[in-house]
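Here is the structure we will look at, set down as structure tokens.
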Amino acid sequence: MYRLTENVTKARLRDAGLPVPAGDVAHSPKEAASLAEKLGNHVVVKALIPTGRRGKAGAVKLVATPDEAAQSARDMLGQTINGYIVEAVYVEQQISIATELYLSFAVEQFPPQVLVSAEGGIDIEETFRCNPEAVIKSDIDPVAGLSEAEAQKIWKQAGLGADDVSALGDITSKLFTFYQENDGITLEINPLVIDTDGKLSLVGAMAAVEDPMFLDANSGGMAIAGRALTPREQKVVEANIAMPGGMMRFTELDGDIGMYVGGGGSSLLQHDLVLAAGGRPANHTDSSTSVEEKITVLVEAILDHPQAKSLLVSWHFQQMGRIDKRVLPVVMVLKERGIDPKKFPVVMHMFGPGEDEARKVCKTLPGIHYLEHGTPLEEGVELIVKLTRELDQTRASA
Amino acid sequence: MSILVDQNTKVIVQGLTGHQGRLHSEFSMKYGTNIVAGVTPGRGGEDVCGVPVYNTVHEAVKNHDATASVFYVPAKAVKAAFEEAIDAGIKLIVGTSEGISRQKAAYFRALATQNNARLIGFNTTGILSAGKCKLGGIGGEDSDYIYVPGRIGVCSRSGGMGAELALALKRGSYGVSTVVCMGGDWIVGTPMVEYVKLFEEDPDTDAIVLFCEPGTDNESELADYLAQAGLKKPIVALMAGSFQENYPKGVSFGHAAAMIAKDSQTISAKKEMLSAQGVETVTSLIAIPKKLKAIGIEPHQGL
């Protein structure tokens, strides 16, 4: 799951004809000041990071002049907030708020759901906890969509009056269509504001979308939930976007065994098995690609980990893909880097179509441990853990 | 017997003229699958390995009474192909395409259910009834090496692990009735509990082996069902991905689906809720046949 930053979400909402306050991105105090001037001086300056609860972290400031906007930007830029370094701020026109509402969509399970509450604003988490009845939850039939009439009913249940439900029904129905068409995982509008003129405005807008393969190259603002991407993770994400032909996921960890282990399920199992055998993975990988250039990027990222001192190349028995296509780029990267498998253990558990060719390629770099055909996954894992541990012992005694 | 498909199932292939469609259909036919027609818009009148190609699913169904369809259709073309298949009355769709979003998956599942059809996948390697037929890339060219016929039903949340489970069973002198890979996505057409129910009803399945992962409510739905209906056949579940609990929630470590969203979706929680209903949980492949023997399922291979 990737969270989009506010500018990306709001630009998409604006393109869809939905009411978003005017605003833009500033990378310096000077840019923030000139944006404030353009937007009528009374603006909100927000740290542009893909996370909620920015208000509580002091990353949202209401200001009344360009100078104040510049000062707020200066205060925020370069800070680390909720684990992200603030590299830009979002400067947005202030809206005169009459009522703050809450609206979100989620597809955590089947079917998708809409959540609304008359109690919007920064403390929605508190509302969920203390007063769950104030939050109305409703299933949506993804075939029929969310009609205006249904959406109106939900807002009525949340306690909104007849004056407001008509416009709210309309915008909620449109937002669901937007959410569905953009392959959203979550879309949260908090607050959804009724301004002092009675008009609706999407003041808070956070979205999480599918993996980067669903994004185009300009979407930006991506981060693995919990922390920013490392430069090596960023390279893999970029390769996914730039090159078609299967997905690669790569998460860096703090162990020392590099893992080019394949397929979602077997990569999960092998990670467990490495830990159970007393080893520590330097990364987690899950990939489905057979594209040589993409695999090269992934293997380089795995080997670039400063702590990596061994490599496990292990997939489930291949039924469809040719394994030599996966083994060849691994051996090429190892050779290019002058890695000697006698000092940097490499274990291969790669069986299936193309195995003879894969074995031939591995023979050109002596020292690779290519397991006997049909060996269970468990044995490859045990071997790499053993070889890595022996390395530690050799170094300790040297 | 087997579940969902056998040698009599009349199958069409949407996307038969593409590289994947052609290759896997050829392997499937060699294995015994009754592929009656292919569909590729604009390629009607051609034939692939003796199978006639039509422009529309309607024509293919009308001429051949097909009830099942395998998709080798690029993600972008899936929606139109899916709607067409449902409209033409197809009752079983095997969706191999990768890169289907949750939103689309939810839509396909709702559309299938509302039309009394079933979707396996998306992002599935398919379904194989040992010695009878297979739909999807499952087994590749040499299915007989991996999938030995027998009496264990297998349902895996991962396509690759479907093969590993079958091989682990083979090493322990067991065979499989049907192996179904649910698809690795967050939302799939048919949840795990539905496959378990089908295996329970299948007279030629004696026990069920599952591959479980973190994320999604598949396992908790199964536990709820077992709590209410009771354990009708022995179930052994390989539980993978407990390592994820060492890391913050929301970090993606595998399939789109293998991401923990709630505490009930961790492997520890799933292990506990399934064990409470009498499911035997294991954490390695080699433990599967051992567990089957321990609970009194005799090793067997062959139909």
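Just so we're on the same page: first chain in the structure tokens is A, next is B, and so on; residues restart at 1 for each chain, and ligands are numbered from 1 in the order they show up.
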If we count only C-alpha atoms, which residues of chain A reach to within 7 Å of chain B? Please list them as a list in words.
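Applying the cut-off to the listed atoms yields Met1, Gln109, Phe110, Pro111, Pro142, Val143, Gln180, Asp183, Glu210, Ile224, Ala225, Gly226, Gly263, Gly264, Gly265, Ser266, Leu268, Leu269, His271, Asp272, His284, Asp286, His316, Phe317, Gln319 and Met320 of chain A.
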Kindly export the residues of the current selection with N, CA, C and O atoms, as a compact mmCIF listing (two decimals), in the first residue's frame.
# COMPACT_ATOMS: atom_id res chain seq x y z
N MET A 1 0.84 -1.21 0.00
CA MET A 1 0.00 0.00 0.00
C MET A 1 0.87 1.25 0.00
O MET A 1 1.84 1.32 0.73
N GLN A 109 -11.86 -5.30 3.08
CA GLN A 109 -12.38 -6.63 2.79
C GLN A 109 -13.51 -6.43 1.77
O GLN A 109 -13.80 -5.31 1.39
N PHE A 110 -14.13 -7.53 1.37
CA PHE A 110 -15.24 -7.44 0.44
C PHE A 110 -16.52 -7.25 1.25
O PHE A 110 -16.74 -7.96 2.21
N PRO A 111 -17.44 -6.38 0.91
CA PRO A 111 -17.33 -5.36 -0.14
C PRO A 111 -16.73 -4.06 0.39
O PRO A 111 -16.49 -3.96 1.59
N PRO A 142 -20.23 -2.94 -5.30
CA PRO A 142 -19.34 -2.36 -6.30
C PRO A 142 -19.89 -2.39 -7.72
O PRO A 142 -19.40 -1.68 -8.59
N VAL A 143 -20.90 -3.22 -7.96
CA VAL A 143 -21.50 -3.25 -9.30
C VAL A 143 -22.45 -2.07 -9.46
O VAL A 143 -22.41 -1.33 -10.45
N GLN A 180 -13.26 4.60 -6.81
CA GLN A 180 -13.28 3.33 -7.53
C GLN A 180 -12.42 3.42 -8.80
O GLN A 180 -11.61 2.54 -9.06
N ASP A 183 -8.62 3.25 -8.32
CA ASP A 183 -8.10 2.06 -7.63
C ASP A 183 -7.65 2.37 -6.21
O ASP A 183 -6.59 1.91 -5.77
N GLU A 210 -3.04 1.36 -4.60
CA GLU A 210 -2.38 0.07 -4.78
C GLU A 210 -0.88 0.26 -4.94
O GLU A 210 -0.37 1.37 -4.95
N ILE A 224 6.66 3.44 1.68
CA ILE A 224 6.17 2.25 2.34
C ILE A 224 5.64 2.73 3.68
O ILE A 224 6.26 3.54 4.35
N ALA A 225 4.45 2.23 4.06
CA ALA A 225 3.85 2.68 5.30
C ALA A 225 4.84 2.53 6.44
O ALA A 225 5.54 1.53 6.54
N GLY A 226 4.92 3.50 7.29
CA GLY A 226 5.76 3.40 8.47
C GLY A 226 7.07 4.16 8.37
O GLY A 226 7.55 4.69 9.34
N GLY A 263 8.28 -15.37 -5.40
CA GLY A 263 6.86 -15.61 -5.25
C GLY A 263 6.38 -15.24 -3.87
O GLY A 263 7.11 -15.40 -2.90
N GLY A 264 5.18 -14.72 -3.78
CA GLY A 264 4.67 -14.22 -2.50
C GLY A 264 4.73 -15.24 -1.40
O GLY A 264 5.35 -15.04 -0.35
N GLY A 265 4.10 -16.40 -1.62
CA GLY A 265 3.96 -17.37 -0.55
C GLY A 265 5.27 -17.98 -0.12
O GLY A 265 5.58 -18.05 1.07
N SER A 266 6.11 -18.37 -1.08
CA SER A 266 7.35 -19.04 -0.69
C SER A 266 8.31 -18.05 -0.07
O SER A 266 9.14 -18.41 0.75
N LEU A 268 7.39 -15.65 1.96
CA LEU A 268 6.94 -15.55 3.36
C LEU A 268 7.44 -16.75 4.17
O LEU A 268 7.98 -16.61 5.26
N LEU A 269 7.23 -17.94 3.59
CA LEU A 269 7.62 -19.16 4.30
C LEU A 269 9.13 -19.17 4.56
O LEU A 269 9.59 -19.49 5.65
N HIS A 271 11.23 -16.72 4.76
CA HIS A 271 11.65 -15.73 5.76
C HIS A 271 11.46 -16.33 7.17
O HIS A 271 12.36 -16.26 8.02
N ASP A 272 10.30 -16.95 7.38
CA ASP A 272 10.06 -17.63 8.67
C ASP A 272 11.11 -18.70 8.93
O ASP A 272 11.63 -18.83 10.04
N HIS A 284 13.56 -8.33 2.58
CA HIS A 284 12.49 -9.23 2.15
C HIS A 284 12.21 -8.94 0.68
O HIS A 284 12.24 -7.79 0.27
N ASP A 286 9.79 -10.13 -2.82
CA ASP A 286 8.73 -10.90 -3.44
C ASP A 286 8.66 -10.40 -4.86
O ASP A 286 8.44 -9.22 -5.08
N HIS A 316 10.08 -21.40 -5.10
CA HIS A 316 9.26 -22.61 -5.13
C HIS A 316 9.47 -23.28 -6.49
O HIS A 316 9.88 -22.63 -7.45
N PHE A 317 9.16 -24.54 -6.58
CA PHE A 317 9.31 -25.28 -7.83
C PHE A 317 8.56 -24.55 -8.94
O PHE A 317 7.38 -24.25 -8.81
N GLN A 319 6.60 -23.79 -12.29
CA GLN A 319 5.69 -24.49 -13.17
C GLN A 319 5.60 -23.80 -14.52
O GLN A 319 5.46 -24.43 -15.55
N MET A 320 5.64 -22.48 -14.49
CA MET A 320 5.38 -21.72 -15.71
C MET A 320 6.62 -20.99 -16.22
O MET A 320 6.93 -21.03 -17.39
I'd like the contact shell of Ala80 of chain B - 12 Å cut-off, only C-alpha atoms, skipping same-chain residues fewer than 5 positions apart - returned as an MDAnalysis selection string.
chainID B and resid 14 40:41 56:57 71 73:75 85:87 104 108
Tell me, counting only C-alpha atoms, for each residue of segment 16-111 of chain A within 12 Å of segment 188-202 of chain A, which pair of atoms is nearest and how far apart they are in Å to one decimal, in rows ordered by chain and increasing number, as JSON lines.
{"residue": "A:Gly17", "atom": "CA", "partner": "A:Leu202", "partner_atom": "CA", "distance": 11.6}
{"residue": "A:Leu18", "atom": "CA", "partner": "A:Leu202", "partner_atom": "CA", "distance": 7.9}
{"residue": "A:Pro19", "atom": "CA", "partner": "A:Ser201", "partner_atom": "CA", "distance": 5.3}
{"residue": "A:Val20", "atom": "CA", "partner": "A:Leu202", "partner_atom": "CA", "distance": 5.1}
{"residue": "A:Pro21", "atom": "CA", "partner": "A:Ser201", "partner_atom": "CA", "distance": 6.7}
{"residue": "A:Ala22", "atom": "CA", "partner": "A:Ser201", "partner_atom": "CA", "distance": 10.4}
{"residue": "A:Thr51", "atom": "CA", "partner": "A:Glu188", "partner_atom": "CA", "distance": 11.6}
{"residue": "A:Gly52", "atom": "CA", "partner": "A:Glu188", "partner_atom": "CA", "distance": 9.8}
{"residue": "A:Arg53", "atom": "CA", "partner": "A:Asn190", "partner_atom": "CA", "distance": 10.7}
{"residue": "A:Gly55", "atom": "CA", "partner": "A:Asn190", "partner_atom": "CA", "distance": 11.8}
{"residue": "A:Glu92", "atom": "CA", "partner": "A:Leu202", "partner_atom": "CA", "distance": 11.8}
{"residue": "A:Gln93", "atom": "CA", "partner": "A:Ser201", "partner_atom": "CA", "distance": 11.3}
{"residue": "A:Gln94", "atom": "CA", "partner": "A:Asp195", "partner_atom": "CA", "distance": 10.5}
{"residue": "A:Ile95", "atom": "CA", "partner": "A:Asp195", "partner_atom": "CA", "distance": 6.7}
{"residue": "A:Ser96", "atom": "CA", "partner": "A:Asp195", "partner_atom": "CA", "distance": 5.5}
{"residue": "A:Ile97", "atom": "CA", "partner": "A:Asp195", "partner_atom": "CA", "distance": 4.5}
{"residue": "A:Ala98", "atom": "CA", "partner": "A:Asp195", "partner_atom": "CA", "distance": 4.9}
{"residue": "A:Thr99", "atom": "CA", "partner": "A:Ile194", "partner_atom": "CA", "distance": 5.1}
{"residue": "A:Glu100", "atom": "CA", "partner": "A:Val193", "partner_atom": "CA", "distance": 4.8}
{"residue": "A:Leu101", "atom": "CA", "partner": "A:Leu192", "partner_atom": "CA", "distance": 4.8}
{"residue": "A:Tyr102", "atom": "CA", "partner": "A:Asn190", "partner_atom": "CA", "distance": 5.1}
{"residue": "A:Leu103", "atom": "CA", "partner": "A:Ile189", "partner_atom": "CA", "distance": 5.2}
{"residue": "A:Ser104", "atom": "CA", "partner": "A:Glu188", "partner_atom": "CA", "distance": 4.2}
{"residue": "A:Phe105", "atom": "CA", "partner": "A:Glu188", "partner_atom": "CA", "distance": 6.5}
{"residue": "A:Ala106", "atom": "CA", "partner": "A:Glu188", "partner_atom": "CA", "distance": 8.5}
Based on DSSP run over this structure's backbone, return all residues of segment 64-98 of chain A in helix (DSSP H, G or I), as a ChimeraX atom specification.
/A:66-76
Please identify which residues in segment 294-359 of chain A DSSP calls strand (DSSP E) from the backbone, and express them as an MDAnalysis selection string.
chainID A and resid 310:314 346:349
May I ask which of the residues A:Pro366, A:Gly279, A:Gly321, A:Gly159 is the closest one to Asp254 of chain A, counting only C-alpha atoms?
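With only C-alpha atoms as the atom set, the closest residue is A:Gly279.
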